[in-house]
>>> print(open('target.txt').read())   # compact mmCIF, C-alpha atoms
# COMPACT_ATOMS: atom_id res chain seq x y z
CA MET H 18 0.00 0.00 0.00
CA GLY H 19 1.01 3.61 -0.36
CA ASN H 20 2.57 5.95 -2.90
CA ASN H 21 6.26 6.59 -3.50
CA LEU H 22 6.49 8.96 -0.55
CA ALA H 23 5.11 6.28 1.79
CA PHE H 24 7.78 3.80 0.74
CA ALA H 25 10.42 6.53 0.80
CA MET H 26 9.57 7.21 4.45
CA ILE H 27 10.06 3.52 5.25
CA VAL H 28 13.43 3.47 3.50
CA LEU H 29 14.66 6.80 4.90
CA TRP H 30 13.62 6.38 8.54
CA PRO H 31 16.70 4.30 9.50
CA LEU H 32 18.91 6.94 7.86
CA PHE H 33 17.10 9.64 9.83
CA ALA H 34 17.70 7.61 13.00
CA ILE H 35 21.41 7.23 12.21
CA TYR H 36 21.68 11.00 11.81
CA LEU H 37 19.94 11.56 15.14
CA TYR H 38 22.16 9.10 17.00
CA ARG H 39 25.25 10.73 15.47
CA THR H 40 24.23 14.25 16.46
CA LYS H 41 22.07 13.88 19.60
CA SER H 42 22.18 12.06 22.90
CA THR H 43 20.96 8.48 23.00
CA GLN H 44 17.87 9.57 24.90
CA VAL H 45 16.83 12.35 22.51
CA ALA H 46 17.53 10.22 19.44
CA THR H 47 15.52 7.32 20.87
CA LEU H 48 12.49 9.49 21.63
CA TRP H 49 12.51 10.98 18.12
CA THR H 50 13.07 7.62 16.44
CA ILE H 51 10.45 5.51 18.25
CA ILE H 52 7.76 8.01 19.25
CA GLY H 53 8.32 10.11 16.13
CA GLY H 54 7.93 6.97 14.02
CA PHE H 55 4.56 6.27 15.59
CA MET H 56 3.47 9.84 14.91
CA LEU H 57 4.70 10.22 11.34
CA LEU H 58 5.25 6.94 9.47
CA PRO H 59 2.54 5.62 7.11
CA VAL H 60 0.17 2.94 8.40
CA LYS H 61 0.21 -0.56 6.79
CA THR H 62 2.89 0.35 4.25
CA SER H 63 5.68 -2.19 4.64
CA ILE H 64 8.59 -3.81 2.87
CA ASP H 65 8.57 -7.61 2.66
CA LEU H 66 11.94 -9.33 2.64
CA PRO H 67 12.58 -13.09 2.45
CA MET H 68 12.64 -15.07 5.69
CA ILE H 69 11.81 -12.11 7.98
CA PRO H 70 8.53 -10.39 8.95
CA SER H 71 7.49 -7.34 6.95
CA ILE H 72 9.11 -4.06 7.99
CA GLY H 73 6.74 -1.15 8.56
CA LYS H 74 5.39 1.29 11.14
CA GLU H 75 5.16 -1.28 13.94
CA SER H 76 8.72 -2.56 13.65
CA LEU H 77 10.83 0.00 11.77
CA PRO H 78 11.17 2.61 14.57
CA VAL H 79 12.48 -0.05 16.96
CA ILE H 80 14.82 -1.56 14.36
CA SER H 81 16.10 1.91 13.52
CA SER H 82 16.67 2.63 17.21
CA LEU H 83 18.58 -0.63 17.60
CA ILE H 84 20.82 0.35 14.68
CA GLY H 85 21.46 3.70 16.33
CA VAL H 86 22.21 2.26 19.76
CA LEU H 87 24.26 -0.78 18.76
CA TRP H 88 26.07 0.52 15.67
CA VAL H 89 26.25 4.31 15.89
CA LYS H 90 26.57 4.69 19.67
CA ASN H 91 28.30 1.31 20.07
CA GLN H 92 26.41 0.64 23.28
CA LYS H 93 25.04 -2.61 24.65
CA ILE H 94 21.49 -3.56 25.61
CA TYR H 95 21.01 -5.88 28.56
CA PHE H 96 18.06 -8.26 28.69
CA THR H 97 18.43 -9.98 32.05
CA LYS H 98 20.96 -7.86 33.95
CA ASN H 99 19.62 -6.83 37.39
CA MET H 100 16.31 -8.49 36.52
CA GLY H 101 16.59 -11.23 39.14
CA LYS H 102 13.81 -13.78 38.80
CA LEU H 103 12.09 -11.48 36.30
CA LYS H 104 14.51 -12.76 33.66
CA PHE H 105 12.37 -15.92 33.49
CA LEU H 106 9.38 -13.72 32.65
CA VAL H 107 11.36 -12.12 29.83
CA LEU H 108 12.46 -15.51 28.49
CA LEU H 109 8.90 -16.77 28.68
CA LEU H 110 7.68 -13.75 26.74
CA ILE H 111 10.13 -14.50 23.93
CA ILE H 112 9.85 -18.30 23.68
CA VAL H 113 6.11 -18.83 24.23
CA PRO H 114 5.25 -17.89 20.59
CA PHE H 115 7.65 -20.59 19.37
CA ILE H 116 6.24 -23.21 21.75
CA SER H 117 2.72 -22.22 20.74
CA ALA H 118 3.54 -22.77 17.07
CA THR H 119 5.06 -26.20 17.70
CA LEU H 120 1.94 -27.28 19.62
CA ASN H 121 -0.34 -26.17 16.79
CA ALA H 122 0.91 -28.38 13.99
CA ASP H 123 -2.56 -29.84 13.44
CA VAL H 124 -4.67 -29.03 10.39
CA PHE H 125 -8.40 -28.25 10.81
CA HIS H 126 -11.38 -27.16 8.72
CA VAL H 127 -14.28 -24.89 9.64
CA GLY H 128 -16.98 -24.62 7.03
CA GLY H 129 -15.17 -23.80 3.82
CA GLN H 130 -12.06 -22.51 5.60
CA PHE H 131 -8.84 -24.52 5.73
CA PHE H 132 -6.24 -23.84 8.43
CA LYS H 133 -2.77 -25.23 7.97
CA GLY H 134 -0.68 -26.55 10.79
CA LEU H 135 2.08 -24.31 12.06
CA ASN H 136 5.73 -25.25 11.56
CA LEU H 137 9.15 -24.22 12.86
CA TYR H 138 9.34 -21.29 10.44
CA ASP H 139 6.01 -20.01 11.75
CA GLY H 140 7.35 -20.33 15.28
CA LEU H 141 10.51 -18.39 14.51
CA ALA H 142 8.58 -15.69 12.66
CA SER H 143 6.20 -15.40 15.60
CA MET H 144 9.13 -15.06 18.00
CA VAL H 145 10.58 -12.23 15.91
CA ASN H 146 7.21 -10.46 15.71
CA GLN H 147 6.89 -10.73 19.48
CA THR H 148 10.45 -9.67 20.25
CA ILE H 149 10.81 -6.56 18.07
CA PRO H 150 8.17 -4.39 19.83
CA ILE H 151 9.41 -5.27 23.32
CA MET H 152 12.95 -4.29 22.35
CA ALA H 153 11.68 -0.75 22.92
CA PHE H 154 11.17 -1.77 26.57
CA PHE H 155 14.80 -2.83 26.91
CA ILE H 156 16.04 0.32 25.19
CA GLY H 157 14.05 2.43 27.64
CA LYS H 158 15.21 0.34 30.58
CA ARG H 159 18.86 0.62 29.56
CA PHE H 160 19.19 4.29 28.61
CA PHE H 161 16.54 6.16 30.65
CA ARG H 162 17.55 5.77 34.26
CA THR H 163 17.90 9.15 35.93
CA TYR H 164 15.33 11.74 36.92
CA GLN H 165 16.61 13.98 34.13
CA HIS H 166 16.04 11.21 31.58
CA GLN H 167 12.50 10.68 32.84
CA LEU H 168 11.86 14.43 32.82
CA LEU H 169 13.17 14.61 29.25
CA MET H 170 10.63 12.00 28.20
CA PHE H 171 7.78 13.94 29.87
CA LYS H 172 8.83 17.18 28.20
CA PHE H 173 9.28 15.52 24.82
CA LEU H 174 5.79 14.04 24.90
CA SER H 175 4.20 17.35 25.85
CA LEU H 176 6.03 19.28 23.14
CA ALA H 177 5.38 16.59 20.52
CA CYS H 178 1.65 16.62 21.29
CA LEU H 179 1.53 20.41 21.13
CA VAL H 180 3.01 20.29 17.63
CA TYR H 181 0.77 17.38 16.64
CA SER H 182 -2.29 19.30 17.81
CA VAL H 183 -2.04 21.44 14.66
CA PRO H 184 -2.84 18.59 12.22
CA ILE H 185 -5.27 17.19 14.80
CA LEU H 186 -7.27 20.42 14.79
CA PHE H 187 -7.10 20.56 11.01
CA GLU H 188 -8.64 17.09 10.67
CA ILE H 189 -11.28 17.80 13.31
CA ARG H 190 -12.42 20.69 11.15
CA MET H 191 -11.77 19.32 7.63
CA SER H 192 -12.14 15.53 8.25
CA PRO H 193 -9.26 13.00 8.45
CA GLN H 194 -7.58 13.49 5.08
CA LEU H 195 -3.86 14.00 5.73
CA HIS H 196 -2.84 10.34 5.46
CA ALA H 197 -4.67 10.02 2.14
CA TRP H 198 -3.31 13.30 0.78
CA ILE H 199 0.30 12.61 1.75
CA TYR H 200 0.61 8.82 1.54
CA GLY H 201 -2.05 8.10 -1.08
CA TYR H 202 -4.61 6.05 0.85
CA PHE H 203 -6.81 6.08 3.95
CA PRO H 204 -5.58 3.51 6.51
CA HIS H 205 -8.88 2.44 8.09
CA SER H 206 -12.66 2.67 7.88
CA PHE H 207 -13.63 6.29 7.33
CA GLY H 208 -17.07 5.68 8.85
CA GLN H 209 -15.51 4.81 12.23
CA GLN H 210 -13.99 8.29 12.39
CA ILE H 211 -17.39 10.03 12.35
CA ARG H 212 -18.59 10.73 15.90
CA PHE H 213 -21.06 13.13 17.56
CA GLY H 214 -21.79 15.00 14.35
CA GLY H 215 -18.12 15.60 13.54
CA PHE H 216 -14.83 13.88 12.82
CA ARG H 217 -12.20 12.11 14.87
CA PRO H 218 -8.66 12.99 13.76
CA VAL H 219 -6.49 10.17 12.43
CA VAL H 220 -3.44 12.08 11.14
CA PHE H 221 -0.76 9.37 10.67
CA MET H 222 -1.66 7.03 13.53
CA GLY H 223 -4.20 4.88 11.71
CA HIS H 224 -7.35 5.38 13.77
CA GLY H 225 -9.08 8.08 15.77
CA LEU H 226 -8.88 5.99 18.95
CA LEU H 227 -5.09 5.87 18.73
CA VAL H 228 -4.86 9.65 18.35
CA SER H 229 -7.19 10.16 21.32
CA PHE H 230 -5.26 7.69 23.44
CA PHE H 231 -1.99 9.41 22.54
CA VAL H 232 -3.41 12.76 23.68
CA ALA H 233 -4.77 11.18 26.89
CA ILE H 234 -1.37 9.72 27.77
CA VAL H 235 0.40 13.01 27.09
CA LEU H 236 -2.21 14.88 29.13
CA ILE H 237 -1.18 12.86 32.19
CA THR H 238 2.47 13.80 31.65
CA SER H 239 1.60 17.48 31.17
CA VAL H 240 -0.38 17.60 34.42
CA ALA H 241 2.62 16.09 36.23
CA LEU H 242 4.81 18.85 34.79
CA TRP H 243 2.20 21.36 35.90
CA ARG H 244 2.27 20.03 39.44
CA THR H 245 6.07 20.30 39.51
CA ASN H 246 5.83 23.75 37.85
CA ILE H 247 8.18 22.76 35.02
CA LYS H 248 7.79 24.62 31.74
CA VAL H 249 8.18 23.09 28.29
CA ARG H 250 9.96 25.49 25.94
CA GLY H 251 8.54 28.44 27.85
CA PHE H 252 4.92 27.21 27.76
CA ILE H 253 3.11 27.59 31.07
CA PRO H 254 2.34 24.00 32.17
CA ALA H 255 -1.21 24.79 33.41
CA TYR H 256 -2.13 26.25 30.02
CA VAL H 257 -0.63 23.25 28.24
CA SER H 258 -2.70 20.86 30.38
CA TYR H 259 -5.99 22.67 29.80
CA TYR H 260 -5.23 23.00 26.09
CA LEU H 261 -4.56 19.26 25.73
CA LEU H 262 -7.72 18.49 27.71
CA PHE H 263 -9.63 20.64 25.21
CA ILE H 264 -7.97 18.83 22.29
CA LEU H 265 -8.86 15.47 23.86
CA LEU H 266 -12.51 16.54 24.14
CA LEU H 267 -12.54 17.50 20.45
CA CYS H 268 -11.12 14.08 19.53
CA LYS H 269 -14.58 12.63 20.35
CA SER H 270 -13.48 9.29 21.81
CA VAL H 271 -15.27 8.50 25.08
CA GLY H 272 -12.81 5.95 26.47
CA PRO H 273 -9.62 8.01 26.06
CA PHE H 274 -11.46 11.12 27.29
CA MET H 275 -12.38 9.26 30.48
CA TYR H 276 -8.73 8.19 30.87
CA GLY H 277 -7.67 11.79 30.43
CA ILE H 278 -10.16 13.21 32.94
CA PHE H 279 -9.25 10.47 35.42
CA GLY H 280 -5.51 11.10 35.03
CA PHE H 281 -5.98 14.87 35.16
CA ILE H 282 -7.85 14.75 38.48
CA VAL H 283 -5.73 12.05 40.13
CA VAL H 284 -2.34 13.55 39.24
CA LYS H 285 -3.39 17.13 40.04
CA ILE H 286 -5.14 16.49 43.35
CA LEU H 287 -3.92 13.30 45.02
CA LYS H 288 -0.60 12.68 46.71
CA PRO H 289 2.00 10.60 44.82
CA LYS H 290 1.66 7.83 47.40
CA VAL H 291 -2.07 7.53 46.68
CA GLN H 292 -1.49 7.66 42.93
CA LEU H 293 0.88 4.71 43.20
CA LYS H 294 -1.70 2.72 45.15
CA ILE H 295 -4.29 3.42 42.45
CA ALA H 296 -1.83 2.35 39.75
CA VAL H 297 -1.19 -0.93 41.58
CA ILE H 298 -4.93 -1.58 41.88
CA MET H 299 -5.40 -0.90 38.16
CA VAL H 300 -2.70 -3.32 36.99
CA SER H 301 -3.84 -5.94 39.50
CA ILE H 302 -7.39 -5.84 38.11
CA VAL H 303 -6.04 -6.28 34.58
CA MET H 304 -3.95 -9.29 35.65
CA VAL H 305 -6.93 -11.11 37.18
CA TYR H 306 -9.38 -10.05 34.47
CA PRO H 307 -9.05 -13.25 32.36
CA VAL H 308 -9.73 -15.47 35.37
CA MET H 309 -12.67 -13.29 36.44
CA SER H 310 -14.07 -13.47 32.90
CA ILE H 311 -13.67 -17.25 32.78
CA LEU H 312 -15.46 -17.54 36.13
CA ASN H 313 -18.06 -14.97 34.96
CA VAL H 314 -17.64 -12.77 38.03
CA PHE H 315 -16.49 -9.56 36.33
CA PRO H 316 -19.28 -6.91 36.28
CA HIS H 317 -19.58 -6.61 32.49
CA GLU H 318 -23.30 -5.81 32.61
CA THR H 319 -22.79 -3.07 35.19
CA LEU H 320 -20.20 -1.37 32.99
CA VAL H 321 -22.57 -1.48 30.02
CA ASN H 322 -25.29 0.15 32.14
CA VAL H 323 -22.87 2.90 33.21
CA ALA H 324 -21.91 3.47 29.58
CA GLU H 325 -25.62 3.64 28.70
CA SER H 326 -26.01 6.64 31.01
CA VAL H 327 -23.23 8.42 29.11
CA SER H 328 -24.00 7.39 25.53
CA PRO H 329 -26.31 4.64 24.20
CA GLU H 330 -24.06 4.31 21.16
CA ARG H 331 -20.97 3.75 23.35
CA ALA H 332 -22.91 1.26 25.50
CA GLN H 333 -23.81 -0.70 22.40
CA SER H 334 -20.18 -0.70 21.30
CA LEU H 335 -19.01 -1.89 24.72
CA GLU H 336 -21.62 -4.66 24.82
CA PHE H 337 -20.53 -5.76 21.35
CA ARG H 338 -16.93 -6.01 22.55
CA PHE H 339 -17.90 -8.03 25.62
CA ASN H 340 -19.96 -10.44 23.51
CA ASN H 341 -17.01 -11.00 21.20
CA GLU H 342 -14.76 -11.52 24.22
CA SER H 343 -17.07 -14.27 25.42
CA LYS H 344 -16.85 -16.12 22.08
CA LEU H 345 -13.09 -15.74 21.82
CA LEU H 346 -12.59 -16.71 25.45
CA ALA H 347 -14.51 -19.95 24.91
CA LYS H 348 -12.19 -20.70 21.97
CA ALA H 349 -9.08 -19.80 24.01
CA GLU H 350 -10.10 -22.13 26.82
CA GLU H 351 -9.73 -25.09 24.45
CA ARG H 352 -5.95 -24.49 24.42
CA ILE H 353 -5.62 -22.43 27.55
CA PHE H 354 -1.89 -22.73 28.33
CA PHE H 355 -0.14 -21.96 25.01
CA GLY H 356 -3.00 -20.82 22.81
CA TRP H 357 -3.78 -21.43 19.15
CA GLY H 358 -0.82 -19.62 17.61
CA GLY H 359 -1.25 -16.96 14.96
CA TRP H 360 -2.55 -16.85 11.39
CA GLY H 361 -6.19 -16.62 12.45
CA ARG H 362 -6.37 -19.96 14.27
CA ASN H 363 -7.47 -18.23 17.49
CA ARG H 364 -10.53 -16.60 15.93
CA VAL H 365 -14.14 -17.87 15.85
CA TYR H 366 -15.70 -18.95 12.55
CA ASP H 367 -19.21 -19.87 11.43
CA GLN H 368 -19.46 -23.67 11.42
CA GLU H 369 -21.37 -23.76 8.14
CA THR H 370 -19.88 -20.99 6.02
CA GLY H 371 -16.43 -20.66 7.61
CA ARG H 372 -16.91 -16.89 7.81
CA ASP H 373 -14.97 -15.09 10.53
CA ILE H 374 -17.55 -13.95 13.10
CA SER H 375 -15.19 -12.57 15.76
CA VAL H 376 -13.64 -9.18 16.46
CA THR H 377 -10.48 -9.11 18.58
CA ASP H 378 -10.63 -5.59 20.02
CA GLY H 379 -8.81 -6.15 23.30
CA ARG H 380 -5.10 -6.92 23.43
CA TRP H 381 -5.65 -9.29 26.35
CA ILE H 382 -7.97 -11.63 24.45
CA LEU H 383 -5.72 -11.48 21.39
CA THR H 384 -2.71 -12.50 23.49
CA LEU H 385 -4.64 -15.15 25.40
CA GLY H 386 -6.05 -16.67 22.21
CA GLN H 387 -2.75 -16.77 20.36
CA PHE H 388 -0.29 -17.59 23.16
CA GLY H 389 -2.46 -18.85 25.99
CA LEU H 390 -2.38 -18.08 29.68
CA LEU H 391 1.41 -18.31 29.84
CA GLY H 392 1.73 -15.79 27.03
CA PHE H 393 -0.68 -13.46 28.82
CA ILE H 394 1.20 -13.78 32.11
CA ALA H 395 4.52 -13.08 30.38
CA GLU H 396 3.37 -9.99 28.49
CA PHE H 397 1.02 -8.40 30.99
CA GLY H 398 3.12 -9.56 33.93
CA LEU H 399 6.08 -7.55 32.65
CA LEU H 400 3.86 -4.48 32.40
CA ALA H 401 2.44 -4.98 35.88
CA ILE H 402 5.77 -5.75 37.56
CA THR H 403 7.04 -2.39 36.33
CA VAL H 404 4.39 -0.60 38.39
CA PHE H 405 5.05 -2.75 41.46
CA ARG H 406 8.77 -2.00 41.20
CA ALA H 407 8.03 1.72 40.87
CA LYS H 408 5.97 1.61 44.06
CA LYS H 409 8.84 -0.08 45.86
CA SER H 410 11.38 2.46 44.62
CA SER H 411 9.14 5.43 45.50
CA LYS H 412 9.71 4.76 49.19
CA LEU H 413 13.39 5.59 48.67
CA LEU H 414 12.76 9.02 47.13
CA HIS H 415 12.80 12.25 49.12
CA ASN H 416 12.64 14.86 46.36
CA LYS H 417 9.01 15.90 45.76
CA SER H 418 9.40 16.47 42.01
CA GLU H 419 10.89 13.02 41.56
CA GLN H 420 8.03 11.49 43.56
CA ILE H 421 5.44 13.29 41.41
CA LEU H 422 6.95 12.14 38.12
CA LEU H 423 7.38 8.55 39.29
CA ALA H 424 3.79 8.37 40.55
CA ALA H 425 2.31 9.95 37.40
CA HIS H 426 4.43 7.62 35.25
CA SER H 427 3.08 4.61 37.17
CA LEU H 428 -0.49 5.81 36.78
CA LEU H 429 0.18 6.25 33.08
CA ILE H 430 1.24 2.58 32.80
CA GLY H 431 -1.90 1.61 34.70
CA VAL H 432 -4.00 3.43 32.10
CA ILE H 433 -2.09 1.69 29.29
CA MET H 434 -2.84 -1.71 30.83
CA VAL H 435 -6.52 -0.98 31.41
CA ASP H 436 -6.88 0.10 27.79
CA GLN H 437 -5.64 -3.33 26.67
CA LEU H 438 -8.87 -4.81 28.04
CA ILE H 439 -10.95 -3.06 25.37
CA ASN H 440 -8.40 -2.04 22.73
CA ALA H 441 -5.13 -3.30 21.27
CA SER H 442 -3.09 -0.12 21.56
CA LEU H 443 0.14 -1.66 22.90
CA ALA H 444 2.59 -0.30 20.33
CA PRO H 445 6.41 0.00 20.63
CA TRP H 446 6.23 3.62 21.82
CA LEU H 447 4.19 2.46 24.81
CA TRP H 448 6.69 -0.32 25.50
CA LEU H 449 9.33 2.42 25.55
CA LEU H 450 7.41 4.32 28.24
CA VAL H 451 7.14 1.13 30.28
CA GLY H 452 10.87 0.50 29.92
CA VAL H 453 11.71 4.04 31.02
CA LEU H 454 9.71 3.56 34.23
CA PHE H 455 11.40 0.21 34.87
CA GLY H 456 14.85 1.68 34.26
CA ARG H 457 14.17 4.65 36.51
CA SER H 458 12.86 2.44 39.32
CA GLU H 459 15.79 0.08 38.97
CA ASP H 460 18.28 2.95 39.19
CA ILE H 461 16.63 4.31 42.36
CA ILE H 462 16.85 0.92 44.06
CA THR H 463 20.42 0.28 42.88
CA SER H 464 21.62 3.73 43.97
CA HIS H 465 20.04 3.26 47.41
CA LYS H 466 21.81 -0.08 47.85
CA LYS H 467 25.16 1.48 46.92
CA LEU H 468 24.66 4.27 49.45
CA ALA H 469 23.55 1.81 52.12
CA GLY H 470 26.57 -0.38 51.41
>>> encode(input="target.txt", output="structure tokens")
Amino acid sequence: MGNNLAFAMIVLWPLFAIYLYRTKSTQVATLWTIIGGFMLLPVKTSIDLPMIPSIGKESLPVISSLIGVLWVKNQKIYFTKNMGKLKFLVLLLIIVPFISATLNADVFHVGGQFFKGLNLYDGLASMVNQTIPIMAFFIGKRFFRTYQHQLLMFKFLSLACLVYSVPILFEIRMSPQLHAWIYGYFPHSFGQQIRFGGFRPVVFMGHGLLVSFFVAIVLITSVALWRTNIKVRGFIPAYVSYYLLFILLLCKSVGPFMYGIFGFIVVKILKPKVQLKIAVIMVSIVMVYPVMSILNVFPHETLVNVAESVSPERAQSLEFRFNNESKLLAKAEERIFFGWGGWGRNRVYDQETGRDISVTDGRWILTLGQFGLLGFIAEFGLLAITVFRAKKSSKLLHNKSEQILLAAHSLLIGVIMVDQLINASLAPWLWLLVGVLFGRSEDIITSHKKLAG
């Protein structure tokens, strides 16, 4: 897909990254390469090479960052150093896709659909697809360790969103056209971008929900900067926060707007200690959600009723997602430990026609269906452990500004995890944010041990 400019962006992005790593610090170059790639690269345009997964928006920023770190900066990335027993979680995250493929060598038919058995090549390809996005986590963990590094990330996000708000406002007024005008095609269903009598901006992110979620995440960081009274390029932090809240409202996505309002209030009003407790509760709920759904004890109906009071249309959408979850969960339970593997084997099909009758909205059900309970524990466990480690490290901090940033960062990861219950927004740039929090928490704990020793 895409015109010549779209493919040119794919080809030139690694060269852009090399330039950044040659001229900027590792931290600045990484933020521009990974987050900038999410913001600017074309959606679904990719280059297919033999024996490796296609290279496009989801993988290219991370690959480009790896080139910059390993080749240009000549620095190492550690996967299990200082991880303790968590290294087994990392190994599980990488090898489960391969195991899943080897356990799904059987062929089956549904209606008129034929599904081939998976082989070793499928397993290796699945491992690569799984590993590339989480490399952003290890880059963040390795190179963003100090308070200044964390602050740099917060400032970068706020400034990037302020700049991005210009095309966002343009598409809110003129309809989402920039991707089609610049790259030659529209990346998703145009009808899904029409909400509340207007348009949701898409820009270069692929869907209005992703743009709204991006703004919601950045809003949380901007409020944290406001609370610490730190300006971004001379912009008054309070004005930035209210402006981004206004932009988020105009994005017309109920879920991300609720995240934004929640983060705005919690970060601005509550103490960092309370914020950390809320973040821990959020990630804990996400971790037990599959079991609660299997046992049918999660209050799905109550949530639909709450959504009904806000918007009947949104309530209908939420109920549709929950119904699909139920179908997919029943399928996942048939191979609960390692899942069905990829290539559509985890989906639900009409027994007579073979037509796909499932919609995998949530990342959690997608992971559970493909890689089973062990795959879910590995992926979501790594996200959750990051917040638990941040809470532990927060007890060692005495500087108020550092406490505020660490707490807001933890809450941000909690929001990311909760969103994976209804959406599949876990892109490499979010893995980077998770890695930064892990690296910062790890450095606090390590520094404290050195001082105590």
>>> residues_around(input="target.txt", residues="Val183 (chain H)", least_positions_apart="3", cutoff="12 Å", atoms="all atoms listed in the file", output="PDB file with C-alpha atoms, in the frame of the given file")
ATOM      1  CA  LEU H 176       6.030  19.280  23.140  1.00  0.00           C
ATOM      2  CA  ALA H 177       5.380  16.590  20.520  1.00  0.00           C
ATOM      3  CA  CYS H 178       1.650  16.620  21.290  1.00  0.00           C
ATOM      4  CA  LEU H 179       1.530  20.410  21.130  1.00  0.00           C
ATOM      5  CA  VAL H 180       3.010  20.290  17.630  1.00  0.00           C
ATOM      6  CA  LEU H 186      -7.270  20.420  14.790  1.00  0.00           C
ATOM      7  CA  PHE H 187      -7.100  20.560  11.010  1.00  0.00           C
ATOM      8  CA  GLU H 188      -8.640  17.090  10.670  1.00  0.00           C
ATOM      9  CA  ILE H 189     -11.280  17.800  13.310  1.00  0.00           C
ATOM     10  CA  ARG H 190     -12.420  20.690  11.150  1.00  0.00           C
ATOM     11  CA  LEU H 195      -3.860  14.000   5.730  1.00  0.00           C
ATOM     12  CA  PRO H 218      -8.660  12.990  13.760  1.00  0.00           C
ATOM     13  CA  VAL H 220      -3.440  12.080  11.140  1.00  0.00           C
ATOM     14  CA  TYR H 260      -5.230  23.000  26.090  1.00  0.00           C
ATOM     15  CA  LEU H 261      -4.560  19.260  25.730  1.00  0.00           C
ATOM     16  CA  ILE H 264      -7.970  18.830  22.290  1.00  0.00           C
TER      17      ILE H 264
END
>>> atom_distance(input="target.txt", atom1="CA of Arg380 (chain H)", atom2="CA of Ile439 (chain H)")
7.3 Å
>>> residues_around(input="target.txt", residues="Asn341 (chain H)", least_positions_apart="4", cutoff="12 Å", atoms="only C-alpha atoms", output="ChimeraX atom specification")
/H:334-337,345-348,364-366,373-379,382-383,439
>>> residues_around(input="target.txt", residues="Asn146 (chain H)", least_positions_apart="3", cutoff="10 Å", atoms="all atoms listed in the file", output="PDB file with C-alpha atoms, in the coordinates of the input")
ATOM      1  CA  ILE H  69      11.810 -12.110   7.980  1.00  0.00           C
ATOM      2  CA  PRO H  70       8.530 -10.390   8.950  1.00  0.00           C
ATOM      3  CA  SER H  71       7.490  -7.340   6.950  1.00  0.00           C
ATOM      4  CA  GLU H  75       5.160  -1.280  13.940  1.00  0.00           C
ATOM      5  CA  SER H  76       8.720  -2.560  13.650  1.00  0.00           C
ATOM      6  CA  ILE H 111      10.130 -14.500  23.930  1.00  0.00           C
ATOM      7  CA  PRO H 114       5.250 -17.890  20.590  1.00  0.00           C
ATOM      8  CA  GLY H 140       7.350 -20.330  15.280  1.00  0.00           C
ATOM      9  CA  LEU H 141      10.510 -18.390  14.510  1.00  0.00           C
ATOM     10  CA  ALA H 142       8.580 -15.690  12.660  1.00  0.00           C
ATOM     11  CA  SER H 143       6.200 -15.400  15.600  1.00  0.00           C
ATOM     12  CA  ILE H 149      10.810  -6.560  18.070  1.00  0.00           C
ATOM     13  CA  PRO H 150       8.170  -4.390  19.830  1.00  0.00           C
ATOM     14  CA  ILE H 151       9.410  -5.270  23.320  1.00  0.00           C
TER      15      ILE H 151
END
>>> closest_residue(input="target.txt", among="H:Phe230, H:Phe405, H:Phe96, H:Trp243", to="Val297 (chain H)", atoms="only C-alpha atoms")
H:Phe405
>>> atom_distance(input="target.txt", atom1="CA of Phe279 (chain H)", atom2="CA of Asn340 (chain H)")
26.3 Å
>>> atom_distance(input="target.txt", atom1="CA of Arg406 (chain H)", atom2="CA of Val451 (chain H)")
11.5 Å
>>> residues_around(input="target.txt", residues="region 281-283 of chain H", least_positions_apart="3", cutoff="9 Å", atoms="all atoms listed in the file", output="list in words")
Leu236, Ile237, Ser239, Val240, Ala241, Ser258, Leu262, Tyr276, Gly277, Ile278, Ile286, Leu287, Lys288, Val291, Gln292, Ala425 and Leu428 of chain H
>>> residues_around(input="target.txt", residues="Ala424 (chain H)", least_positions_apart="6", cutoff="8 Å", atoms="only C-alpha atoms", output="JSON list (two decimals) with C-alpha atoms, in the frame of the given file")
[["chain", "number", "residue", "atom", "x", "y", "z"],
["H", 289, "PRO", "CA", 2.00, 10.60, 44.82],
["H", 290, "LYS", "CA", 1.66, 7.83, 47.40],
["H", 292, "GLN", "CA", -1.49, 7.66, 42.93],
["H", 293, "LEU", "CA", 0.88, 4.71, 43.20],
["H", 407, "ALA", "CA", 8.03, 1.72, 40.87],
["H", 408, "LYS", "CA", 5.97, 1.61, 44.06],
["H", 411, "SER", "CA", 9.14, 5.43, 45.50]]
>>> decode(input="target.txt", residues="region 158-163 of chain H", atoms="N, CA and C atoms", output="PDB file, in the first residue's frame")
ATOM      1  N   LYS H 158      14.652   0.814  29.316  1.00  0.00           N
ATOM      2  CA  LYS H 158      15.208   0.337  30.583  1.00  0.00           C
ATOM      3  C   LYS H 158      16.706   0.611  30.677  1.00  0.00           C
ATOM      4  N   ARG H 159      17.401   0.487  29.563  1.00  0.00           N
ATOM      5  CA  ARG H 159      18.862   0.618  29.560  1.00  0.00           C
ATOM      6  C   ARG H 159      19.330   2.077  29.580  1.00  0.00           C
ATOM      7  N   PHE H 160      18.650   2.954  28.855  1.00  0.00           N
ATOM      8  CA  PHE H 160      19.194   4.287  28.613  1.00  0.00           C
ATOM      9  C   PHE H 160      18.423   5.429  29.290  1.00  0.00           C
ATOM     10  N   PHE H 161      17.296   5.129  29.929  1.00  0.00           N
ATOM     11  CA  PHE H 161      16.542   6.158  30.650  1.00  0.00           C
ATOM     12  C   PHE H 161      16.483   5.749  32.116  1.00  0.00           C
ATOM     13  N   ARG H 162      17.441   6.258  32.897  1.00  0.00           N
ATOM     14  CA  ARG H 162      17.550   5.767  34.261  1.00  0.00           C
ATOM     15  C   ARG H 162      17.486   6.881  35.311  1.00  0.00           C
ATOM     16  N   THR H 163      17.858   8.068  34.946  1.00  0.00           N
ATOM     17  CA  THR H 163      17.895   9.149  35.927  1.00  0.00           C
ATOM     18  C   THR H 163      16.607   9.969  35.898  1.00  0.00           C
TER      19      THR H 163
END
